[in-house]
file upload.txt (compact mmCIF, C-alpha atoms and all ligand atoms)
# COMPACT_ATOMS: atom_id res chain seq x y z
CA MET A 213 6.73 -48.75 0.55
CA ALA A 214 5.33 -46.06 -1.72
CA VAL A 215 3.05 -43.61 0.01
CA THR A 216 -0.49 -43.35 -1.38
CA LYS A 217 -3.22 -40.74 -1.38
CA ALA A 218 -5.17 -42.95 1.07
CA ASP A 219 -2.25 -42.82 3.53
CA VAL A 220 -2.26 -39.05 3.34
CA LEU A 221 -6.02 -38.80 3.83
CA ALA A 222 -5.78 -41.18 6.79
CA ALA A 223 -3.22 -38.86 8.39
CA LEU A 224 -5.49 -35.86 7.73
CA GLU A 225 -8.33 -37.67 9.46
CA ARG A 226 -6.50 -36.95 12.71
CA VAL A 227 -6.11 -33.22 12.01
CA PRO A 228 -9.14 -31.26 13.24
CA SER A 229 -10.54 -28.22 11.38
CA PRO A 230 -11.40 -25.16 13.53
CA ASP A 231 -14.93 -26.56 14.07
CA GLY A 232 -13.60 -29.99 15.03
CA THR A 233 -14.43 -31.78 11.75
CA PRO A 234 -11.53 -33.97 10.56
CA LEU A 235 -9.67 -32.07 7.84
CA SER A 236 -10.11 -34.96 5.41
CA LYS A 237 -13.89 -34.52 5.69
CA SER A 238 -13.98 -30.72 5.79
CA GLY A 239 -14.68 -30.29 2.08
CA LYS A 240 -11.91 -27.70 1.94
CA LEU A 241 -9.21 -29.84 0.36
CA SER A 242 -8.16 -29.71 -3.25
CA GLU A 243 -7.16 -32.89 -5.00
CA VAL A 244 -4.38 -34.55 -2.98
CA VAL A 245 -1.52 -35.27 -5.35
CA VAL A 246 1.13 -37.79 -4.35
CA SER A 247 4.09 -38.14 -6.65
CA ASP A 248 7.30 -39.93 -5.84
CA GLY A 249 6.96 -39.41 -2.08
CA LYS A 250 6.03 -35.74 -2.51
CA VAL A 251 2.61 -34.62 -1.42
CA PHE A 252 0.83 -31.53 -2.72
CA PHE A 253 -2.58 -30.07 -1.94
CA SER A 254 -4.25 -26.90 -0.86
CA ILE A 255 -6.89 -25.92 1.66
CA THR A 256 -9.31 -23.33 0.33
CA VAL A 257 -11.31 -21.36 2.86
CA ASP A 258 -13.13 -18.06 3.07
CA ALA A 259 -10.63 -15.20 3.22
CA ALA A 260 -11.91 -14.08 6.63
CA ALA A 261 -11.28 -17.54 8.09
CA VAL A 262 -7.63 -17.73 7.01
CA PRO A 263 -6.13 -16.85 10.45
CA ALA A 264 -8.18 -19.59 12.13
CA TRP A 265 -7.02 -22.10 9.52
CA GLU A 266 -3.30 -21.34 9.54
CA PRO A 267 -2.64 -23.62 12.58
CA VAL A 268 -4.62 -26.33 10.76
CA ARG A 269 -2.40 -25.99 7.70
CA LYS A 270 0.69 -26.29 9.91
CA ALA A 271 -0.73 -29.32 11.75
CA ALA A 272 -1.62 -30.93 8.41
CA GLU A 273 1.92 -30.41 7.17
CA THR A 274 3.39 -31.97 10.29
CA ALA A 275 0.97 -34.91 10.08
CA VAL A 276 1.67 -35.54 6.39
CA ARG A 277 5.43 -35.29 6.82
CA ALA A 278 5.20 -37.91 9.58
CA VAL A 279 3.63 -40.46 7.20
CA PRO A 280 6.26 -43.10 6.39
CA GLY A 281 7.57 -42.64 2.85
CA VAL A 282 6.71 -38.94 2.56
CA ALA A 283 9.74 -36.99 1.37
CA SER A 284 8.13 -33.57 1.32
CA ALA A 285 4.76 -31.91 1.65
CA MET A 286 3.57 -28.71 -0.04
CA ILE A 287 0.34 -27.54 1.52
CA ALA A 288 -1.03 -24.08 1.01
CA LEU A 289 -3.87 -22.20 2.52
CA THR A 290 -5.85 -20.24 -0.05
CA GLY A 291 -8.22 -17.51 1.10
CA GLU A 292 -11.08 -16.70 -1.22
CA ARG A 293 -13.93 -14.30 -1.06
CA ALA A 294 -16.35 -13.73 -3.88
CA PRO A 295 -18.12 -10.42 -4.35
CA GLY A 296 -21.28 -10.67 -2.27
CA GLY A 297 -19.68 -13.11 0.15
CA ALA A 298 -20.43 -16.34 -1.71
CA ARG A 299 -17.57 -18.80 -2.03
CA THR A 300 -15.94 -18.71 -5.41
CA PRO A 301 -15.17 -22.07 -6.95
CA PRO A 302 -11.44 -22.66 -7.24
CA PRO A 303 -9.88 -21.25 -10.38
CA SER A 304 -9.47 -23.86 -13.10
CA PRO A 305 -6.54 -24.16 -15.48
CA GLN A 306 -8.99 -23.98 -18.39
CA ALA A 307 -9.97 -20.52 -17.25
CA ALA A 308 -6.34 -19.56 -17.63
CA ALA A 309 -6.48 -20.00 -21.39
CA PRO A 310 -5.32 -16.91 -23.23
CA GLY A 311 -8.28 -14.70 -23.83
CA ALA A 312 -10.26 -16.01 -20.86
CA ARG A 313 -11.87 -13.22 -18.90
CA PRO A 314 -10.44 -12.85 -15.42
CA ARG A 315 -12.90 -13.26 -12.59
CA ALA A 316 -12.12 -11.38 -9.42
CA THR A 317 -11.30 -13.41 -6.33
CA PRO A 318 -10.31 -10.51 -4.10
CA HIS A 319 -8.51 -10.96 -0.84
CA ALA A 320 -9.20 -9.23 2.39
CA THR A 321 -5.58 -8.64 3.23
CA PRO A 322 -2.61 -7.85 1.00
CA ALA A 323 -0.16 -10.73 0.69
CA PRO A 324 2.67 -10.24 3.22
CA GLY A 325 6.19 -9.63 1.92
CA ILE A 326 9.04 -12.13 2.06
CA PRO A 327 11.47 -11.30 4.89
CA GLY A 328 14.84 -10.26 3.48
CA VAL A 329 13.52 -9.71 -0.06
CA GLY A 330 13.36 -6.10 -1.21
CA ALA A 331 10.94 -6.42 -4.11
CA ILE A 332 9.16 -9.05 -6.16
CA ILE A 333 8.33 -8.29 -9.78
CA ALA A 334 6.42 -10.31 -12.34
CA VAL A 335 7.32 -10.77 -15.98
CA ALA A 336 4.04 -11.44 -17.73
CA SER A 337 2.23 -11.34 -21.05
CA GLY A 338 -1.28 -12.05 -22.14
CA LYS A 339 -0.12 -14.26 -24.99
CA GLY A 340 2.07 -17.36 -24.78
CA GLY A 341 5.41 -17.79 -26.50
CA VAL A 342 6.26 -14.10 -26.77
CA GLY A 343 9.51 -14.50 -24.83
CA LYS A 344 8.56 -13.99 -21.16
CA SER A 345 10.94 -16.60 -19.84
CA THR A 346 13.79 -15.41 -22.03
CA THR A 347 13.10 -11.84 -20.91
CA ALA A 348 12.75 -12.83 -17.24
CA VAL A 349 16.12 -14.60 -17.23
CA ASN A 350 18.01 -11.88 -19.09
CA LEU A 351 16.32 -9.12 -17.07
CA ALA A 352 17.34 -10.92 -13.87
CA LEU A 353 20.91 -11.12 -15.15
CA GLY A 354 20.78 -7.46 -16.16
CA LEU A 355 19.70 -6.55 -12.63
CA ARG A 356 22.53 -8.72 -11.31
CA ASP A 357 24.95 -6.76 -13.50
CA LEU A 358 23.67 -3.56 -11.87
CA GLY A 359 24.98 -4.96 -8.60
CA LEU A 360 21.70 -6.27 -7.20
CA LYS A 361 21.23 -9.62 -5.50
CA VAL A 362 18.63 -11.38 -7.59
CA GLY A 363 16.39 -14.44 -7.41
CA VAL A 364 14.18 -15.90 -10.14
CA LEU A 365 11.00 -17.82 -9.48
CA ASP A 366 9.36 -19.92 -12.17
CA ALA A 367 5.62 -19.49 -11.69
CA ASP A 368 4.88 -21.47 -14.83
CA ILE A 369 3.79 -24.59 -13.02
CA TYR A 370 2.49 -26.29 -16.18
CA GLY A 371 5.51 -25.54 -18.32
CA PRO A 372 8.52 -24.65 -16.17
CA SER A 373 11.40 -23.34 -18.26
CA LEU A 374 14.00 -22.02 -15.82
CA PRO A 375 15.87 -25.31 -15.31
CA LYS A 376 16.51 -25.41 -19.08
CA LEU A 377 17.13 -21.70 -19.64
CA LEU A 378 19.67 -21.58 -16.82
CA ALA A 379 21.05 -25.12 -17.42
CA ILE A 380 20.44 -26.14 -13.82
CA LYS A 381 20.04 -29.81 -12.98
CA GLY A 382 19.45 -31.62 -9.71
CA ARG A 383 17.14 -31.13 -6.78
CA PRO A 384 17.09 -28.45 -4.11
CA GLU A 385 18.36 -29.46 -0.68
CA THR A 386 15.92 -29.43 2.20
CA LEU A 387 16.97 -27.35 5.17
CA GLY A 388 15.83 -28.58 8.56
CA GLY A 389 13.26 -30.83 6.90
CA THR A 390 10.92 -28.00 5.99
CA ARG A 391 12.53 -25.26 3.95
CA LEU A 392 14.12 -25.59 0.54
CA LYS A 393 17.45 -24.17 -0.46
CA PRO A 394 17.15 -22.43 -3.84
CA MET A 395 19.28 -23.66 -6.73
CA GLU A 396 21.88 -21.30 -8.16
CA GLY A 397 22.94 -20.40 -11.67
CA TYR A 398 24.90 -17.46 -13.09
CA GLY A 399 24.82 -15.78 -9.69
CA LEU A 400 21.01 -15.99 -9.45
CA LYS A 401 19.03 -17.89 -6.84
CA VAL A 402 16.48 -19.97 -8.68
CA MET A 403 13.37 -21.93 -7.79
CA SER A 404 11.15 -23.83 -10.19
CA ILE A 405 8.63 -26.62 -9.92
CA GLY A 406 10.82 -28.24 -12.57
CA PHE A 407 13.38 -29.02 -9.83
CA LEU A 408 10.77 -30.71 -7.68
CA ILE A 409 8.89 -32.98 -10.04
CA GLU A 410 9.86 -35.26 -12.88
CA GLU A 411 9.27 -33.89 -16.36
CA GLU A 412 6.92 -36.78 -17.09
CA THR A 413 4.70 -36.14 -14.05
CA PRO A 414 1.25 -35.49 -15.45
CA MET A 415 0.12 -31.97 -14.77
CA ILE A 416 -3.16 -32.95 -13.21
CA TRP A 417 -3.13 -30.16 -10.67
CA ARG A 418 -6.02 -27.86 -10.66
CA GLY A 419 -6.02 -24.10 -10.13
CA PRO A 420 -5.63 -24.14 -6.34
CA MET A 421 -2.71 -26.53 -6.63
CA VAL A 422 -0.95 -24.03 -8.83
CA ILE A 423 -1.39 -21.38 -6.20
CA SER A 424 -0.28 -23.65 -3.39
CA ALA A 425 2.86 -24.71 -5.19
CA LEU A 426 3.64 -21.10 -6.01
CA THR A 427 3.06 -19.91 -2.47
CA GLN A 428 5.34 -22.57 -1.10
CA MET A 429 8.04 -21.96 -3.69
CA LEU A 430 7.97 -18.35 -2.64
CA ARG A 431 7.54 -18.62 1.11
CA GLU A 432 9.16 -21.90 2.08
CA VAL A 433 12.40 -21.28 0.27
CA GLU A 434 15.45 -19.90 1.99
CA TRP A 435 15.97 -17.00 -0.42
CA GLY A 436 18.28 -15.18 2.00
CA THR A 437 18.79 -11.47 1.50
CA LEU A 438 17.83 -10.41 -2.00
CA ASP A 439 17.15 -7.06 -3.61
CA VAL A 440 14.67 -8.50 -6.06
CA ILE A 441 12.95 -11.69 -7.13
CA VAL A 442 11.87 -11.84 -10.77
CA VAL A 443 8.80 -14.06 -11.25
CA ASP A 444 8.42 -15.71 -14.67
CA MET A 445 4.64 -15.88 -15.01
CA PRO A 446 2.66 -18.42 -17.00
CA PRO A 447 0.98 -17.05 -20.14
CA GLY A 448 -2.52 -15.67 -20.03
CA THR A 449 -4.69 -13.42 -17.93
CA GLY A 450 -7.14 -15.97 -16.53
CA ASP A 451 -8.06 -16.73 -12.97
CA ALA A 452 -4.81 -18.49 -12.16
CA GLN A 453 -2.78 -15.44 -13.17
CA LEU A 454 -5.11 -13.05 -11.41
CA THR A 455 -4.94 -15.04 -8.20
CA MET A 456 -1.16 -15.12 -8.44
CA ALA A 457 -1.05 -11.39 -8.96
CA GLN A 458 -3.02 -11.10 -5.74
CA GLN A 459 -1.23 -13.72 -3.68
CA VAL A 460 2.31 -12.73 -4.49
CA PRO A 461 3.25 -9.39 -2.91
CA LEU A 462 4.29 -7.80 -6.21
CA LYS A 463 5.99 -4.40 -6.34
CA GLY A 464 5.47 -4.24 -10.07
CA ALA A 465 4.98 -6.05 -13.35
CA VAL A 466 6.88 -6.04 -16.62
CA ILE A 467 4.74 -6.87 -19.66
CA VAL A 468 6.35 -8.58 -22.64
CA SER A 469 4.76 -8.29 -26.05
CA THR A 470 5.68 -8.83 -29.66
CA PRO A 471 4.73 -5.98 -31.99
CA GLN A 472 1.74 -7.66 -33.68
CA ASP A 473 -1.74 -6.37 -32.96
CA LEU A 474 -2.92 -9.68 -31.57
CA ALA A 475 -0.10 -9.85 -29.03
CA LEU A 476 -0.75 -6.25 -28.10
CA ILE A 477 -4.41 -6.94 -27.39
CA ASP A 478 -3.29 -9.63 -24.96
CA ALA A 479 -0.64 -7.34 -23.48
CA ARG A 480 -3.39 -4.80 -22.84
CA ARG A 481 -5.34 -7.48 -20.96
CA GLY A 482 -2.25 -8.21 -18.86
CA ILE A 483 -1.85 -4.54 -18.01
CA ALA A 484 -5.54 -4.29 -17.10
CA MET A 485 -5.20 -7.31 -14.83
CA PHE A 486 -2.29 -5.84 -12.86
CA LYS A 487 -3.95 -2.45 -12.63
CA ARG A 488 -7.04 -4.12 -11.28
CA VAL A 489 -5.11 -5.58 -8.33
CA ASN A 490 -3.18 -2.32 -7.89
CA VAL A 491 0.19 -3.71 -8.95
CA PRO A 492 2.11 -0.95 -10.76
CA VAL A 493 3.02 -1.76 -14.35
CA LEU A 494 6.73 -1.01 -14.60
CA GLY A 495 6.51 -1.01 -18.36
CA ILE A 496 6.37 -2.93 -21.64
CA VAL A 497 9.22 -4.70 -23.41
CA GLU A 498 8.83 -5.21 -27.13
CA ASN A 499 10.38 -8.60 -27.83
CA MET A 500 11.13 -9.88 -31.34
CA SER A 501 10.82 -6.21 -32.17
CA TYR A 502 12.60 -6.43 -35.52
CA PHE A 503 14.59 -9.09 -37.33
CA LEU A 504 18.36 -8.87 -37.44
CA CYS A 505 19.87 -11.03 -40.17
CA PRO A 506 22.74 -12.98 -38.59
CA GLU A 507 24.54 -13.16 -41.98
CA CYS A 508 24.46 -9.57 -43.17
CA GLY A 509 23.25 -7.65 -40.11
CA ALA A 510 20.38 -6.17 -42.14
CA ARG A 511 17.28 -5.28 -40.22
CA SER A 512 13.68 -5.93 -41.24
CA ASP A 513 10.52 -5.11 -39.36
CA ILE A 514 8.75 -8.36 -40.07
CA PHE A 515 6.16 -8.03 -37.31
CA GLY A 516 5.58 -4.30 -37.68
CA HIS A 517 8.10 -2.87 -35.24
CA GLY A 518 7.08 -0.19 -32.73
CA GLY A 519 3.60 -1.42 -31.78
CA ALA A 520 4.47 -1.91 -28.13
CA ARG A 521 6.07 1.52 -27.78
CA HIS A 522 2.99 3.08 -29.27
CA GLU A 523 0.74 1.01 -27.00
CA ALA A 524 2.78 1.97 -23.93
CA GLU A 525 2.34 5.64 -24.82
CA ARG A 526 -1.35 5.16 -25.37
CA LEU A 527 -1.80 3.42 -22.00
CA GLY A 528 0.49 5.77 -20.12
CA VAL A 529 2.96 3.11 -18.98
CA PRO A 530 6.75 3.26 -19.49
CA PHE A 531 8.30 1.69 -22.57
CA LEU A 532 11.26 -0.35 -21.35
CA GLY A 533 13.02 -1.24 -24.59
CA GLU A 534 13.04 -3.36 -27.70
CA VAL A 535 14.80 -6.68 -28.14
CA PRO A 536 15.38 -7.89 -31.71
CA LEU A 537 14.48 -11.32 -33.00
CA HIS A 538 17.94 -12.79 -33.26
CA ILE A 539 19.19 -16.32 -33.65
CA ASP A 540 21.82 -15.82 -30.90
CA ILE A 541 19.12 -15.03 -28.36
CA ARG A 542 17.15 -18.13 -29.29
CA GLU A 543 20.07 -20.52 -29.50
CA LYS A 544 21.74 -19.33 -26.33
CA SER A 545 18.49 -19.13 -24.41
CA ASP A 546 17.44 -22.65 -25.34
CA ALA A 547 20.94 -24.01 -24.63
CA GLY A 548 20.93 -22.63 -21.09
CA LEU A 549 23.47 -19.95 -21.97
CA PRO A 550 21.55 -16.67 -21.62
CA VAL A 551 23.08 -13.86 -23.66
CA VAL A 552 23.54 -11.44 -20.78
CA ALA A 553 25.69 -13.98 -18.94
CA THR A 554 27.54 -15.54 -21.85
CA ASP A 555 28.00 -12.60 -24.20
CA PRO A 556 28.07 -9.70 -21.75
CA ASP A 557 29.79 -7.34 -24.19
CA GLY A 558 27.40 -8.04 -27.05
CA PRO A 559 24.57 -5.74 -28.17
CA HIS A 560 21.77 -7.89 -26.72
CA ALA A 561 23.29 -7.90 -23.23
CA LYS A 562 23.50 -4.12 -23.44
CA THR A 563 19.82 -3.91 -24.40
CA TYR A 564 18.78 -6.13 -21.49
CA ARG A 565 20.93 -4.14 -19.05
CA GLU A 566 19.24 -0.94 -20.22
CA ILE A 567 15.85 -2.57 -19.67
CA ALA A 568 17.01 -3.70 -16.20
CA SER A 569 18.11 -0.21 -15.36
CA ARG A 570 14.68 1.22 -16.32
CA VAL A 571 13.01 -1.48 -14.25
CA ARG A 572 15.15 -0.58 -11.25
CA GLN A 573 14.28 3.06 -11.70
CA GLY A 574 10.58 2.19 -11.93
CA LEU A 575 10.85 0.13 -8.76
CA SER A 576 12.26 3.00 -6.77
CA VAL A 577 9.32 5.14 -7.90
CA ALA A 578 6.85 2.33 -7.14
CA GLY A 579 8.50 1.87 -3.73
CA ARG A 580 7.92 5.50 -2.83
CA ALA A 581 4.32 5.26 -3.96
CA ALA A 582 3.89 2.30 -1.55
CA PRO A 583 1.53 0.27 -3.72
CA LYS A 584 -1.18 -1.62 -1.95
CA ILE A 585 -3.36 -4.44 -3.12
CA VAL A 586 -6.89 -3.27 -3.58
CA VAL A 587 -9.82 -5.01 -1.96
CA GLU A 588 -12.93 -5.04 -4.12
CA ALA A 589 -15.16 -7.09 -1.84
N1 LIG B 601 14.34 -11.94 -28.93
C1 LIG B 601 14.34 -13.21 -29.33
N2 LIG B 601 15.00 -13.61 -30.44
C2 LIG B 601 14.97 -14.91 -30.85
N3 LIG B 601 14.33 -15.88 -30.22
C3 LIG B 601 13.65 -15.54 -29.10
C4 LIG B 601 13.63 -14.21 -28.57
N4 LIG B 601 12.89 -14.20 -27.43
C5 LIG B 601 12.48 -15.47 -27.24
N5 LIG B 601 12.92 -16.27 -28.23
C6 LIG B 601 12.67 -17.71 -28.40
O1 LIG B 601 11.27 -17.88 -28.54
C7 LIG B 601 10.83 -19.06 -27.87
C8 LIG B 601 9.78 -18.69 -26.82
O2 LIG B 601 10.40 -17.89 -25.82
P1 LIG B 601 10.05 -18.04 -24.27
O3 LIG B 601 10.05 -19.45 -23.87
O4 LIG B 601 10.94 -17.10 -23.55
O5 LIG B 601 8.57 -17.49 -24.32
P2 LIG B 601 7.45 -17.49 -23.20
O6 LIG B 601 6.63 -16.27 -23.42
O7 LIG B 601 8.06 -17.66 -21.86
O8 LIG B 601 6.64 -18.79 -23.58
P3 LIG B 601 5.49 -19.50 -22.72
O9 LIG B 601 4.29 -18.65 -22.91
O10 LIG B 601 5.39 -20.84 -23.36
O11 LIG B 601 5.97 -19.52 -21.29
C9 LIG B 601 12.10 -19.70 -27.28
O12 LIG B 601 12.57 -20.67 -28.17
C10 LIG B 601 13.08 -18.53 -27.19
O13 LIG B 601 14.43 -18.93 -27.30
MG MG B 602 7.68 -19.12 -20.37
call {"tool": "encode", "arguments": {"input": "upload.txt", "output": "structure tokens"}}
result
Amino acid sequence: MAVTKADVLAALERVPSPDGTPLSKSGKLSEVVVSDGKVFFSITVDAAAVPAWEPVRKAAETAVRAVPGVASAMIALTGERAPGGARTPPPSPQAAAPGARPRATPHATPAPGIPGVGAIIAVASGKGGVGKSTTAVNLALGLRDLGLKVGVLDADIYGPSLPKLLAIKGRPETLGGTRLKPMEGYGLKVMSIGFLIEEETPMIWRGPMVISALTQMLREVEWGTLDVIVVDMPPGTGDAQLTMAQQVPLKGAVIVSTPQDLALIDARRGIAMFKRVNVPVLGIVENMSYFLCPECGARSDIFGHGGARHEAERLGVPFLGEVPLHIDIREKSDAGLPVVATDPDGPHAKTYREIASRVRQGLSVAGRAAPKIVVEA
């Protein structure tokens, strides 16, 4: 029998909040989403109350998993504190639209690291469609080629692309009923919401759901020992991105931009967002930097090449490299055959490896500087 939202809420009726109120009536739950036996929701409480609520989250998970027909449960605890102490409403996906002004939802404590994982870095941009996912995948492969053990996490809950870009099908195995085994492709460990839900599942989740799914994909996955996890961020610099930047213990961020002014304005917003939460910006990649004709090899600067390098200099962040707009990158990327893995001796693979090497260098500097997440309460 298919499990329903009412079944889940009935189970949560028996889980007490710290003050004894049944969790289902606590007013702290996000929308409870039930899809194909999988249950997702988050519990949003004041940041200071998070320790008291962690046992509740655990008890809720156990209770939901015990409901007949439940295959898995993703429940996250989200701590929020608004400046002045008032509770901030949960971030909404609308607020994540490119150009939306980030609102601070600072956290009292920095997000803890992932045991066994050396560093987590984000690949982000203000603007959509500039090549973040393509860059994230090829950067991850470039880091792999430098001898690092690498994972990739798809944080684009609304439009996951890693299953396609890495041609990975199937579902992750569950280990011991609670933790997920990451998928693997081209020597990378990979996790994406795309492995967990059907493509047709309506994306009705609200902001807190995005955070809960992300937290669980990061923390309840058996990543093993990794040098680095590359996080492919969703586009934009809205609340959802800001909260992610705060909730994921990032060692640094790589900003992807195309050379046009408009993209650069958004890139600047992305940089400002990471600086605001004290995540070091490892640098800017200029993607679709210039056009390389596949027929004659001639180069043309159709988008005004060099804008990102100039912007990096202006903002005092490293420039990591320029990737041309080339049909091979697009075709291979979209066919699940990323250039670094499938044409390792080609010019594009070399470019991505150089970018990876600069990122690694930046990480060692960032590591020494011991970045901390700032609290602006
Ligand atoms: N350097 C490049 N040369 C040619 N095509 C590219 C290049 N980089 C990315 N593309 C193509 O551009 C499209 C968008 O790229 P991608 O999906 O990586 O962008 P994105 O920033 O992750 O998008 P979104 O904001 O939707 O997540 C894809 O079809 C991809 O293959
Ligand atoms: Mg993408």
call {"tool": "closest_atom_pairs", "arguments": {"input": "upload.txt", "of": "chain A", "to": "ligand MG 602 (chain B)", "cutoff": "10 Å", "atoms": "all atoms listed in the file", "output": "tab-separated table"}}
result
residue	atom	partner	partner_atom	distance
A:Val335	CA	B:MG602	MG	9.4
A:Ala336	CA	B:MG602	MG	8.9
A:Ser337	CA	B:MG602	MG	9.5
A:Gly340	CA	B:MG602	MG	7.3
A:Gly341	CA	B:MG602	MG	6.7
A:Val342	CA	B:MG602	MG	8.3
A:Gly343	CA	B:MG602	MG	6.7
A:Lys344	CA	B:MG602	MG	5.3
A:Ser345	CA	B:MG602	MG	4.2
A:Thr346	CA	B:MG602	MG	7.3
A:Thr347	CA	B:MG602	MG	9.1
A:Ala348	CA	B:MG602	MG	8.7
A:Asp366	CA	B:MG602	MG	8.4
A:Ala367	CA	B:MG602	MG	8.9
A:Asp368	CA	B:MG602	MG	6.6
A:Ile369	CA	B:MG602	MG	10.0
A:Tyr370	CA	B:MG602	MG	9.8
A:Gly371	CA	B:MG602	MG	7.1
A:Pro372	CA	B:MG602	MG	7.0
A:Ser373	CA	B:MG602	MG	6.0
A:Leu374	CA	B:MG602	MG	8.3
A:Leu377	CA	B:MG602	MG	9.8
A:Asp444	CA	B:MG602	MG	6.7
A:Met445	CA	B:MG602	MG	7.0
A:Pro446	CA	B:MG602	MG	6.1
A:Pro447	CA	B:MG602	MG	7.0
call {"tool": "write_last_selection", "arguments": {"input": "upload.txt", "atoms": "C-alpha atoms", "output": "compact mmCIF listing (two decimals), keeping the file's coordinate frame"}}
result
# COMPACT_ATOMS: atom_id res chain seq x y z
CA VAL A 335 7.32 -10.77 -15.98
CA ALA A 336 4.04 -11.44 -17.73
CA SER A 337 2.23 -11.34 -21.05
CA GLY A 340 2.07 -17.36 -24.78
CA GLY A 341 5.41 -17.79 -26.50
CA VAL A 342 6.26 -14.10 -26.77
CA GLY A 343 9.51 -14.50 -24.83
CA LYS A 344 8.56 -13.99 -21.16
CA SER A 345 10.94 -16.60 -19.84
CA THR A 346 13.79 -15.41 -22.03
CA THR A 347 13.10 -11.84 -20.91
CA ALA A 348 12.75 -12.83 -17.24
CA ASP A 366 9.36 -19.92 -12.17
CA ALA A 367 5.62 -19.49 -11.69
CA ASP A 368 4.88 -21.47 -14.83
CA ILE A 369 3.79 -24.59 -13.02
CA TYR A 370 2.49 -26.29 -16.18
CA GLY A 371 5.51 -25.54 -18.32
CA PRO A 372 8.52 -24.65 -16.17
CA SER A 373 11.40 -23.34 -18.26
CA LEU A 374 14.00 -22.02 -15.82
CA LEU A 377 17.13 -21.70 -19.64
CA ASP A 444 8.42 -15.71 -14.67
CA MET A 445 4.64 -15.88 -15.01
CA PRO A 446 2.66 -18.42 -17.00
CA PRO A 447 0.98 -17.05 -20.14
call {"tool": "closest_residue", "arguments": {"input": "upload.txt", "among": "A:Phe407, A:Trp435, A:Phe253, A:Tyr502", "to": "ligand LIG 601 (chain B)", "atoms": "all atoms listed in the file"}}
result
A:Tyr502
call {"tool": "residues_around", "arguments": {"input": "upload.txt", "residues": "A:Leu235", "least_positions_apart": "3", "cutoff": "7 Å", "atoms": "all atoms listed in the file", "output": "PyMOL selection string"}}
result
chain A and resi 224-225+227-229+238
call {"tool": "residues_around", "arguments": {"input": "upload.txt", "residues": "A:Arg226", "least_positions_apart": "4", "cutoff": "9 Å", "atoms": "all atoms listed in the file", "output": "list in words"}}
result
Ala222, Pro234, Leu235, Ser236, Ala272 and Ala275 of chain A
call {"tool": "atom_distance", "arguments": {"input": "upload.txt", "atom1": "atom CA of A:Asp478", "atom2": "atom CA of A:Ala352"}}
result
23.5 Å
call {"tool": "residues_around", "arguments": {"input": "upload.txt", "residues": "stretch 519-531 of chain A", "least_positions_apart": "4", "cutoff": "7 Å", "atoms": "all atoms listed in the file", "output": "list in words"}}
result
Ser469, Pro471, Gln472, Leu476, Val493, Leu494, Gly495, Ile496, Val497 and Glu498 of chain A
call {"tool": "axis_aligned_box", "arguments": {"input": "upload.txt", "around": "stretch 538-541 of chain A", "padding_each_side": "3 Å", "output": "lines of an AutoDock Vina configuration file"}}
result
center_x = 19.9
center_y = -14.6
center_z = -31.0
size_x = 9.9
size_y = 9.5
size_z = 11.3
call {"tool": "build_atoms", "arguments": {"input": "upload.txt", "residues": "stretch 492-499 of chain A", "atoms": "N, CA, C and O atoms", "output": "PDB file, in the frame of the given file"}}
result
ATOM      1  N   PRO A 492       1.658  -1.892  -9.744  1.00  0.00           N
ATOM      2  CA  PRO A 492       2.110  -0.950 -10.760  1.00  0.00           C
ATOM      3  C   PRO A 492       2.729  -1.667 -11.962  1.00  0.00           C
ATOM      4  O   PRO A 492       3.470  -2.626 -11.789  1.00  0.00           O
ATOM      5  N   VAL A 493       2.391  -1.206 -13.150  1.00  0.00           N
ATOM      6  CA  VAL A 493       3.020  -1.760 -14.350  1.00  0.00           C
ATOM      7  C   VAL A 493       4.309  -0.980 -14.586  1.00  0.00           C
ATOM      8  O   VAL A 493       4.283   0.228 -14.817  1.00  0.00           O
ATOM      9  N   LEU A 494       5.434  -1.679 -14.477  1.00  0.00           N
ATOM     10  CA  LEU A 494       6.730  -1.010 -14.600  1.00  0.00           C
ATOM     11  C   LEU A 494       7.033  -0.673 -16.055  1.00  0.00           C
ATOM     12  O   LEU A 494       7.871   0.167 -16.335  1.00  0.00           O
ATOM     13  N   GLY A 495       6.342  -1.354 -16.967  1.00  0.00           N
ATOM     14  CA  GLY A 495       6.510  -1.010 -18.360  1.00  0.00           C
ATOM     15  C   GLY A 495       6.368  -2.202 -19.286  1.00  0.00           C
ATOM     16  O   GLY A 495       6.145  -3.326 -18.848  1.00  0.00           O
ATOM     17  N   ILE A 496       6.501  -1.897 -20.599  1.00  0.00           N
ATOM     18  CA  ILE A 496       6.370  -2.930 -21.640  1.00  0.00           C
ATOM     19  C   ILE A 496       7.709  -3.121 -22.345  1.00  0.00           C
ATOM     20  O   ILE A 496       8.402  -2.147 -22.646  1.00  0.00           O
ATOM     21  N   VAL A 497       8.052  -4.380 -22.582  1.00  0.00           N
ATOM     22  CA  VAL A 497       9.220  -4.700 -23.410  1.00  0.00           C
ATOM     23  C   VAL A 497       8.683  -5.203 -24.742  1.00  0.00           C
ATOM     24  O   VAL A 497       7.791  -6.053 -24.767  1.00  0.00           O
ATOM     25  N   GLU A 498       9.200  -4.658 -25.822  1.00  0.00           N
ATOM     26  CA  GLU A 498       8.830  -5.210 -27.130  1.00  0.00           C
ATOM     27  C   GLU A 498       9.877  -6.258 -27.507  1.00  0.00           C
ATOM     28  O   GLU A 498      11.031  -5.932 -27.773  1.00  0.00           O
ATOM     29  N   ASN A 499       9.458  -7.520 -27.474  1.00  0.00           N
ATOM     30  CA  ASN A 499      10.380  -8.600 -27.830  1.00  0.00           C
ATOM     31  C   ASN A 499      10.134  -9.004 -29.271  1.00  0.00           C
ATOM     32  O   ASN A 499       9.032  -8.850 -29.783  1.00  0.00           O
TER      33      ASN A 499
END
